[in-house]
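Report on the structure given below.
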Amino acid sequence: MASHVVGYPRMGPKRELKFALESFWDGKSSADDLQKVAADLRSSIWKQMQAAGIKFIPSNTFSFYDQVLDTTAMIGAVPARYNWNGGEIGFDTFFSMARGNASVPAMEMTKWFDTNYHFIVPELGPDVKFSYASHKAVNEYKEAKELGIDTVPVLVGPVSYLLLSKPAKGVEKNFPLITLLAKILPIYKEVIGELKAAGASWIQFDEPTLVKDLDAHQLAAFTEAYAELESSLAGLNVLIETYFADVPAEAYKTLTSLKGVSAIGFDLIRGAKNLDLIKGGFPSDKYLFAGVVDGRNIWANDLAASLATLQALEGIVGKDKLVVSTSCSLLHTAVDLVNETKLDSEIKSWLAFAAQKIVEVNALAKALAGQKDEEFFSANAAAQASRKSSPRVTNEAVQKAAAALKGSDHRRATNVSSRLDSQQKKLNLPILPTTTIGSFPQTIELRRVRREYKAKKISEEEYVAAIKEEINKVVKLQEELDIDVLVHGEPERNDMVEYFGEQLSGFAFTVNGWVQSYGSRCVKPPIIYGDVSRPKPMTVFWSSFAQSLTSRPMKGMLTGPVTILNWSFVRNDQPRFETCYQIALAIKDEVEDLEKAGVTVIQIDEAALREGLPLRKSEEAFYLDWAVHSFRITNCGVQDTTQIHTHMCYSNFNDIIHSIIDMDADVITIENSRSDEKLLSVFREGVKYGAGIGPGVYDIHSPRIPSTEEIADRINKMLAVLETNILWVNPDCGLKTRKYPEVKPALSNMVEAAKLLRKELASAK
Ligand SMILES: Nc1nc2c(c(=O)[nH]1)N[C@@H](CNc1ccc(C(=O)N[C@@H](CCC(=O)N[C@@H](CCC(=O)N[C@@H](CCC(=O)O)C(=O)O)C(=O)O)C(=O)O)cc1)CN2
Ligand SMILES: [Zn+2]
C-alpha cells in the first residue's frame, strides 16, 4: 500500500528560510547563501519523508515566496513594469514582483482559498508573451534525484492558474482569461518534456479550483486542457490533486473523465461529501489518493477511524489502486512537534505537526497492507480517548452562556447615523479624519524585550517600563504627525491573535508552531483545545495608559472573535460557530471593561472574516450569519457615544457588502490600495453605506513610500463615490512589518494629503 504527501512546509522547523530571505533582502548575505539554506531545507525534507517510508514524495513544493508566483515565473508572465529582459528569471525580477522595488509597486497578493496563506495574483491579458522562463520544477526534481530520491514534481495546474489570475492593467475587466490556455499549455508541455527526460515517472497537478462553484465553461476548460496535454503526458502517471472542500457533483464527472489522468486526490477532511461521490462510482483504471490526514490542523489523526474509511475505499477502488495521503499540502500546519518543549504533555499527546503527519500517513498505509504497528495504533487510541474525556476541555458555565445566545440577534439600540452624531459631539473630529490601523513597527529591540521578558531574563518592572516607553514614543510621533485618532502601536503584542490566545482559557500555544502567511512572514496560531473564557482583562492596562498620555482619542485595540477563530488551530470536536460564540463572549467582557476604563473609541479587528467564507455559495449564508452575529455580540452593549471601529484586510468584499453593513460598526477601515480600488466599485454601483469608512490610501505590504499627490489622488477617487462626511483616511493595514524610515514619511504624506483635500473641500463650498 502506497503513501503520498501533497506538499510540505518550506520555512523549516526553526524558520531557517525566513531568516535567510530577510538577511538577503537586507543585503546582509549573498544569493548563494540563500540558495544554500534553501537546498539544505529541501534535502532534509525529502530525506525525512524517505526515512518515514513515503512512496510518493513531492518536489517543487518549495518556494522562495509563493508557488503561484513560481508558476508565473515558469511561463514568463512578468508584467512589463518590471522591465524583465527575457532569459531565466532571477531573484531580482522575482522578488520585485513579490515585494515591489524602489520604483515599482508589488503585484497584488490575495488569500489562497480559505487559508491564511497568500499568493501573488498573476496579471494576464491577450498581449502577454509567454515563454519558458524558470526551470525550477525540473531543477528541483533533478536535485532530489541526485540525492537518490525519485520525487513527484508538483505544478500548479494550468486551469487553476488561469482561474486564479486577473486581467492586467489596461485589459478589459471581463477578458476571458481562460482563453489563454492555448498560450500557456505549450510551456507546460516543455516542462513536462524536460521532466520526462530527467526521469520522472509521476507528475502532480494541483487543481484546487475544482472544489469551487464552476460553470460549464470553466469545467470544459479542464477537459480541454488535459486532452491537449495528453500526448505530452503519455508515459507519465498523472495525479490531479483537489483540496480544501469536496468536489461538486458536476465537477466530479468532469474530473473523473479527464484524459491522460491516472490518479485523483481528494480532501477527505474538509470534503465531507467526497466519500459519497466516490462510493457513487470511481473509474476502475485510476488511483485514488485518499487525503485522510488533515493538512490544515494540528490534531493527531484518529487512526482507527481513518483506517475504517480507507478500508471502505479499498472495497471500492481495489487494494492496488488506493494511496494514503494528506488532505492538502502540509504547508498550512506547523512543522515539527519535537521542537515543542513547553507544551503540557497531555495536550502534546493530542497533536501531530507536519513531521508527525507523514509518519501517520505511512502508518496507515502499512496497516492497510497488513503490517499494522500495534503499539503506534494503541498509543494513538489512548490519546484520542484522553482528549475526549479530559476535564480541561469542558467549562459548563461557558457552554451554557454560549447556548443562551442563539435566541437573540444582539443589536445596538440606536441606528448608526444617530450614533455617529452623538460620537462626533464628543470627539469633535475634522472631516477626513486620519488614523492608523493599530500596530507600529516592531523593531528588533522591541522583539528582544518581549523575548527576554518571556525567558525571564528581565523583570516585569523592566518590561513594563520598556513597553510604556515605546507607547510614549508612538503617541508623541502621532501627535507630531498630527494624526486625529491615535493608537498605542501594539508593542506588547507578538501577533494580534496569538496575544489574545495567550490570555484566554481553553487555548494552548507553541514555541515553534510557525505557519507561512506570505513571503517570509509567518504566524504562530494558538491552539484552541477547550471551552474559551477570559480570566481577567487583557488590554485595559495598556489602553488606559496610552489614553492618559494624550488628549486626542486613543483607540482601544482588540481582535474580534471570527478572526481569533479563523487564525487559530481550532477544535475539531465541536462546530466552529460554537467556539466562535464562546470567544465572542470573552471579547464582549473586554469591550465593556475598556468602556468602563474611559476608552471611547474601540476597534475590534475582523481581518479574517472574509477568508473564513466557505468556498461554496450554498454554505455562505450560514457562515455569514453566525460570524456577523458573533461580532455584534461583542459590542451590542456599549453606549451610543462609544465609537466601535472594525478593520478588515486583503479581501474582496463586494459580494459580502451587505453582511459588512450588518456588522453595524460605526467605522470600518478596509484594505483597498493593492487591489486597484476594486472595493470602490461596489459603492459606484450604488450600495448605500452610511457608517464611517476608511478604504486604505496606501499599501503597507511594500517598503515603497507613497507621495502626497498619489494619496490625494486616491482620496479623490473615494470622494467621487462616498459622502465626504463618512470618509476616513488611513493606511491599508497595520504598520508592524514596516520600518520607521518608511512609516514616518508615508504617514506624513498621508496627513498632508488629508489636509490638502480638507482645504480644497472648504474652498469649494
Ligand atoms: N495571525 C495573523 N494572521 C495574519 C496577519 C496577522 O497579523 N496575524 N496579517 C495578515 C498578513 N499576515 C502577516 C503574517 C505575519 C506577520 C508577521 O509580522 N509575522 C512575524 C512574526 C510575528 C510574531 O509573532 N513575532 C513574535 C516572535 C518573534 C520572534 O520571531 N522571536 C524569535 C527571535 C527573533 C529575534 O531575534 O528577534 C524567537 O523567539 O526565537 C514577536 O514579535 O514577539 C514574522 O514573520 O516575522 C505579518 C503579517 C494576514 N494574516
Ligand atoms: Zn489588516
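Letters A, B, ... go to the chains of the C-alpha cells in the order shown; residues in each chain start at 1; ligands are counted from 1 in the same order.
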
Could you give me, as a Markdown table, every chain A residue with an atom at most 6 Å from ligand 1, plus its closest atom pair and distance in Å to one decimal, counting only C-alpha atoms and all ligand atoms, rows ordered by chain then number?
| residue | atom | partner | partner_atom_place_in_ligand_line | distance |
| --- | --- | --- | --- | --- |
| A:Asn116 | CA | ligand 1 | 50 (N) | 5.5 |
| A:Ile444 | CA | ligand 1 | 37 (O) | 5.4 |
| A:Arg447 | CA | ligand 1 | 42 (O) | 4.9 |
| A:Arg448 | CA | ligand 1 | 37 (O) | 5.5 |
| A:Arg450 | CA | ligand 1 | 43 (O) | 5.8 |
| A:Arg451 | CA | ligand 1 | 39 (O) | 5.7 |
| A:Asn494 | CA | ligand 1 | 43 (O) | 3.7 |
| A:Asp495 | CA | ligand 1 | 24 (O) | 4.7 |
| A:Met496 | CA | ligand 1 | 8 (N) | 5.5 |
| A:Val497 | CA | ligand 1 | 1 (N) | 5.3 |
| A:Ser517 | CA | ligand 1 | 14 (C) | 5.0 |
| A:Arg521 | CA | ligand 1 | 45 (O) | 3.4 |
| A:Cys522 | CA | ligand 1 | 45 (O) | 3.8 |
| A:Val523 | CA | ligand 1 | 15 (C) | 5.0 |
| A:Trp567 | CA | ligand 1 | 1 (N) | 5.4 |
| A:Thr737 | CA | ligand 1 | 18 (O) | 5.2 |

What would the file look like if the residues just selected were written as a PDB file, in the first residue's frame with N, CA and C atoms?
ATOM      1  N   ASN A 116      -4.862  31.153   5.591  1.00  0.00           N
ATOM      2  CA  ASN A 116      -4.142  32.381   5.940  1.00  0.00           C
ATOM      3  C   ASN A 116      -2.844  32.492   5.108  1.00  0.00           C
ATOM      4  N   ILE A 444      13.620  45.476  16.218  1.00  0.00           N
ATOM      5  CA  ILE A 444      14.407  44.377  16.778  1.00  0.00           C
ATOM      6  C   ILE A 444      14.506  44.514  18.296  1.00  0.00           C
ATOM      7  N   ARG A 447      11.305  43.374  19.932  1.00  0.00           N
ATOM      8  CA  ARG A 447      11.185  41.912  19.954  1.00  0.00           C
ATOM      9  C   ARG A 447      12.109  41.324  21.000  1.00  0.00           C
ATOM     10  N   ARG A 448      13.273  41.954  21.159  1.00  0.00           N
ATOM     11  CA  ARG A 448      14.208  41.446  22.150  1.00  0.00           C
ATOM     12  C   ARG A 448      13.611  41.604  23.555  1.00  0.00           C
ATOM     13  N   ARG A 450      10.500  41.650  24.450  1.00  0.00           N
ATOM     14  CA  ARG A 450       9.452  40.641  24.676  1.00  0.00           C
ATOM     15  C   ARG A 450      10.059  39.276  24.909  1.00  0.00           C
ATOM     16  N   ARG A 451      11.085  38.972  24.111  1.00  0.00           N
ATOM     17  CA  ARG A 451      11.718  37.657  24.223  1.00  0.00           C
ATOM     18  C   ARG A 451      12.393  37.493  25.584  1.00  0.00           C
ATOM     19  N   ASN A 494       2.918  40.061  20.254  1.00  0.00           N
ATOM     20  CA  ASN A 494       3.666  39.314  19.251  1.00  0.00           C
ATOM     21  C   ASN A 494       2.839  39.232  17.973  1.00  0.00           C
ATOM     22  N   ASP A 495       1.558  38.975  18.135  1.00  0.00           N
ATOM     23  CA  ASP A 495       0.657  38.867  16.998  1.00  0.00           C
ATOM     24  C   ASP A 495      -0.751  39.151  17.486  1.00  0.00           C
ATOM     25  N   MET A 496      -1.589  39.693  16.623  1.00  0.00           N
ATOM     26  CA  MET A 496      -2.925  40.110  17.030  1.00  0.00           C
ATOM     27  C   MET A 496      -3.821  38.962  17.472  1.00  0.00           C
ATOM     28  N   VAL A 497      -3.506  37.745  17.080  1.00  0.00           N
ATOM     29  CA  VAL A 497      -4.316  36.606  17.513  1.00  0.00           C
ATOM     30  C   VAL A 497      -3.621  35.859  18.652  1.00  0.00           C
ATOM     31  N   SER A 517       2.579  32.767   6.211  1.00  0.00           N
ATOM     32  CA  SER A 517       1.401  33.561   5.852  1.00  0.00           C
ATOM     33  C   SER A 517       1.614  34.215   4.483  1.00  0.00           C
ATOM     34  N   ARG A 521       6.910  35.998   5.990  1.00  0.00           N
ATOM     35  CA  ARG A 521       6.118  36.259   7.192  1.00  0.00           C
ATOM     36  C   ARG A 521       5.367  35.025   7.654  1.00  0.00           C
ATOM     37  N   CYS A 522       5.474  34.750   8.932  1.00  0.00           N
ATOM     38  CA  CYS A 522       4.840  33.563   9.495  1.00  0.00           C
ATOM     39  C   CYS A 522       3.933  33.944  10.647  1.00  0.00           C
ATOM     40  N   VAL A 523       3.022  33.066  10.975  1.00  0.00           N
ATOM     41  CA  VAL A 523       2.188  33.231  12.168  1.00  0.00           C
ATOM     42  C   VAL A 523       2.308  31.982  13.020  1.00  0.00           C
ATOM     43  N   TRP A 567      -7.854  32.327  12.631  1.00  0.00           N
ATOM     44  CA  TRP A 567      -6.396  32.312  12.642  1.00  0.00           C
ATOM     45  C   TRP A 567      -5.815  31.480  13.774  1.00  0.00           C
ATOM     46  N   THR A 737       5.023  45.437  10.139  1.00  0.00           N
ATOM     47  CA  THR A 737       6.064  44.814   9.312  1.00  0.00           C
ATOM     48  C   THR A 737       6.982  45.854   8.669  1.00  0.00           C
TER      49      THR A 737
END

>> If the limit is 8 Å from any atom of ligand 2, counting only C-alpha atoms and all ligand atoms, which residues qualify? Return them as a list in words.
In response: Ile437, Asp605, Ala607, His647, Met648, Cys649, Tyr650, Ile670, Glu671, Asp732, Cys733 and Gly734 of chain A

> Could you pull out all residues of stretch 505-698 of chain A with a DSSP call of strand (DSSP E or B) and give them as an NGL selection string?
Replying inline: :A and (505-508 or 515-518 or 521-523 or 527-533 or 554-559 or 569 or 601-605 or 643-648 or 667-670 or 692-695)

Could you produce a table of the residues of stretch 240-326 of chain A lying within 10 Å of stretch 376-389 of chain A, with the nearest pair of atoms per residue and their separation in Å rounded to one decimal, using only C-alpha atoms, ordered by chain and increasing residue number, as a tab-separated table?
residue	atom	partner	partner_atom	distance
A:Trp299	CA	A:Gln384	CA	9.6
A:Ala300	CA	A:Asn380	CA	7.8
A:Asn301	CA	A:Asn380	CA	8.0
A:Asp302	CA	A:Gln384	CA	6.7
A:Leu303	CA	A:Phe377	CA	6.7
A:Ala304	CA	A:Ala381	CA	7.4
A:Ala305	CA	A:Ala381	CA	9.9

Could you dump the residues just selected with all heavy atoms as a PDB file, in the first residue's frame?
ATOM      1  N   TRP A 299      -4.231  18.425  15.003  1.00  0.00           N
ATOM      2  CA  TRP A 299      -4.673  17.292  15.822  1.00  0.00           C
ATOM      3  C   TRP A 299      -4.093  15.994  15.303  1.00  0.00           C
ATOM      4  O   TRP A 299      -3.973  15.794  14.097  1.00  0.00           O
ATOM      5  CB  TRP A 299      -6.210  17.211  15.854  1.00  0.00           C
ATOM      6  CG  TRP A 299      -6.792  18.476  16.367  1.00  0.00           C
ATOM      7  CD1 TRP A 299      -7.472  19.416  15.647  1.00  0.00           C
ATOM      8  CD2 TRP A 299      -6.668  18.987  17.698  1.00  0.00           C
ATOM      9  NE1 TRP A 299      -7.779  20.481  16.450  1.00  0.00           N
ATOM     10  CE2 TRP A 299      -7.312  20.246  17.721  1.00  0.00           C
ATOM     11  CE3 TRP A 299      -6.091  18.509  18.875  1.00  0.00           C
ATOM     12  CZ2 TRP A 299      -7.389  21.032  18.864  1.00  0.00           C
ATOM     13  CZ3 TRP A 299      -6.170  19.293  20.015  1.00  0.00           C
ATOM     14  CH2 TRP A 299      -6.808  20.539  20.009  1.00  0.00           C
ATOM     15  N   ALA A 300      -3.737  15.118  16.208  1.00  0.00           N
ATOM     16  CA  ALA A 300      -3.321  13.787  15.798  1.00  0.00           C
ATOM     17  C   ALA A 300      -4.492  13.120  15.089  1.00  0.00           C
ATOM     18  O   ALA A 300      -5.657  13.313  15.450  1.00  0.00           O
ATOM     19  CB  ALA A 300      -2.912  12.973  17.018  1.00  0.00           C
ATOM     20  N   ASN A 301      -4.178  12.379  14.079  1.00  0.00           N
ATOM     21  CA  ASN A 301      -5.216  11.672  13.325  1.00  0.00           C
ATOM     22  C   ASN A 301      -5.882  10.620  14.205  1.00  0.00           C
ATOM     23  O   ASN A 301      -5.223   9.987  15.029  1.00  0.00           O
ATOM     24  CB  ASN A 301      -4.560  10.997  12.115  1.00  0.00           C
ATOM     25  CG  ASN A 301      -5.583  10.518  11.117  1.00  0.00           C
ATOM     26  OD1 ASN A 301      -6.041   9.390  11.181  1.00  0.00           O
ATOM     27  ND2 ASN A 301      -5.955  11.377  10.197  1.00  0.00           N
ATOM     28  N   ASP A 302      -7.185  10.437  14.021  1.00  0.00           N
ATOM     29  CA  ASP A 302      -7.857   9.309  14.678  1.00  0.00           C
ATOM     30  C   ASP A 302      -7.612   8.095  13.769  1.00  0.00           C
ATOM     31  O   ASP A 302      -8.344   7.839  12.815  1.00  0.00           O
ATOM     32  CB  ASP A 302      -9.351   9.627  14.820  1.00  0.00           C
ATOM     33  CG  ASP A 302     -10.096   8.523  15.546  1.00  0.00           C
ATOM     34  OD1 ASP A 302      -9.570   7.382  15.628  1.00  0.00           O
ATOM     35  OD2 ASP A 302     -11.211   8.797  16.033  1.00  0.00           O
ATOM     36  N   LEU A 303      -6.526   7.400  14.052  1.00  0.00           N
ATOM     37  CA  LEU A 303      -6.047   6.372  13.116  1.00  0.00           C
ATOM     38  C   LEU A 303      -7.075   5.262  12.910  1.00  0.00           C
ATOM     39  O   LEU A 303      -7.238   4.761  11.786  1.00  0.00           O
ATOM     40  CB  LEU A 303      -4.729   5.774  13.621  1.00  0.00           C
ATOM     41  CG  LEU A 303      -3.519   6.719  13.624  1.00  0.00           C
ATOM     42  CD1 LEU A 303      -2.291   6.007  14.191  1.00  0.00           C
ATOM     43  CD2 LEU A 303      -3.221   7.252  12.221  1.00  0.00           C
ATOM     44  N   ALA A 304      -7.779   4.877  13.980  1.00  0.00           N
ATOM     45  CA  ALA A 304      -8.759   3.791  13.825  1.00  0.00           C
ATOM     46  C   ALA A 304      -9.864   4.226  12.871  1.00  0.00           C
ATOM     47  O   ALA A 304     -10.272   3.461  11.979  1.00  0.00           O
ATOM     48  CB  ALA A 304      -9.329   3.414  15.188  1.00  0.00           C
ATOM     49  N   ALA A 305     -10.328   5.474  13.037  1.00  0.00           N
ATOM     50  CA  ALA A 305     -11.392   5.970  12.157  1.00  0.00           C
ATOM     51  C   ALA A 305     -10.892   6.069  10.718  1.00  0.00           C
ATOM     52  O   ALA A 305     -11.600   5.680   9.773  1.00  0.00           O
ATOM     53  CB  ALA A 305     -11.875   7.328  12.644  1.00  0.00           C
TER      54      ALA A 305
END

>> I'd like the interatomic distance between atom CA of A:Gln218 and atom CA of A:Ala106, to a tenth of an Å.
In response: 28.7 Å

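When atom CA of A:Ile726 is paired with atom CA of A:Leu747, their separation reads 20.4 Å.
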
> DSSP on the backbone: what in stretch 221-441 of chain A comes out alpha helix (DSSP H), as a ChimeraX atom specification?
Replying inline: /A:221-233,249-256,274-279,303-317,345-349,354-368,374-389,396-404,416-427

>> So that I can check the surroundings of A:Lys319, please list as a PyMOL selection string every protein, DNA and RNA residue that reaches within 10 Å of it, counting only C-alpha atoms and ignoring chain neighbours fewer than 2 positions away.
In response: chain A and resi 1-2+287+310-311+313-317+321-323+368-369

>> Using only C-alpha atoms, which protein or nucleic acid residues come within 10 Å of A:Arg392? Drop anything in the same chain fewer than 6 positions from it, and give the result as a count of residues only.
In response: 6

>> Just checking: using only C-alpha atoms, which residue out of A:Leu219, A:Val532, A:Leu722, A:Met750 ends up closest to A:Asp699?
In response: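 For A:Asp699, the nearest of the given residues is A:Met750.
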
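Between atom CA of A:Glu172 and atom CA of A:Gly125 lies a distance of 8.4 Å.
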
>> Applying 8 Å and only C-alpha atoms, which residues near A:Ala227 remain after dropping the ones on its own chain fewer than 6 positions away? List them as a ChimeraX atom specification.
In response: /A:258-260

> Within 9 Å of A:Gly295, counting only C-alpha atoms, which residues qualify if same-chain residues fewer than 2 places away don't, as a list in words?
Replying inline: Val6, Ile269, Gly291, Val293, Asn297, Ile298, Thr326, Ser327, Cys328, Ser329, Leu330, Leu331, His332, Thr333, Phe353, Ala354 and Lys357 of chain A

> Residues at most 9 Å from A:Val78, counting only C-alpha atoms, excluding those fewer than 6 positions away in the same chain, as a list in words?
Replying inline: Thr72, Trp84, Thr93, Phe94, Met97, Pro122, Glu123, Val128 and Phe130 of chain A

> Closest to A:Thr151 among A:Gly193, A:Gly199, A:Pro745, A:Pro126, using only C-alpha atoms?
Replying inline: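 The answer is A:Gly199, which sits nearest to A:Thr151.
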
> Which one is closest to A:Ala608: A:Ala586, A:Val540, A:Ile564, A:Val682? Count only C-alpha atoms.
Replying inline: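 The answer is A:Ile564, which sits nearest to A:Ala608.
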
> With only C-alpha atoms as the basis for distance, which of A:Arg576, A:Lys555, A:Arg758, A:Arg270 is at the shortest distance from A:Leu719?
Replying inline: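 Ranked by minimum distance to A:Leu719, first place goes to A:Arg758.
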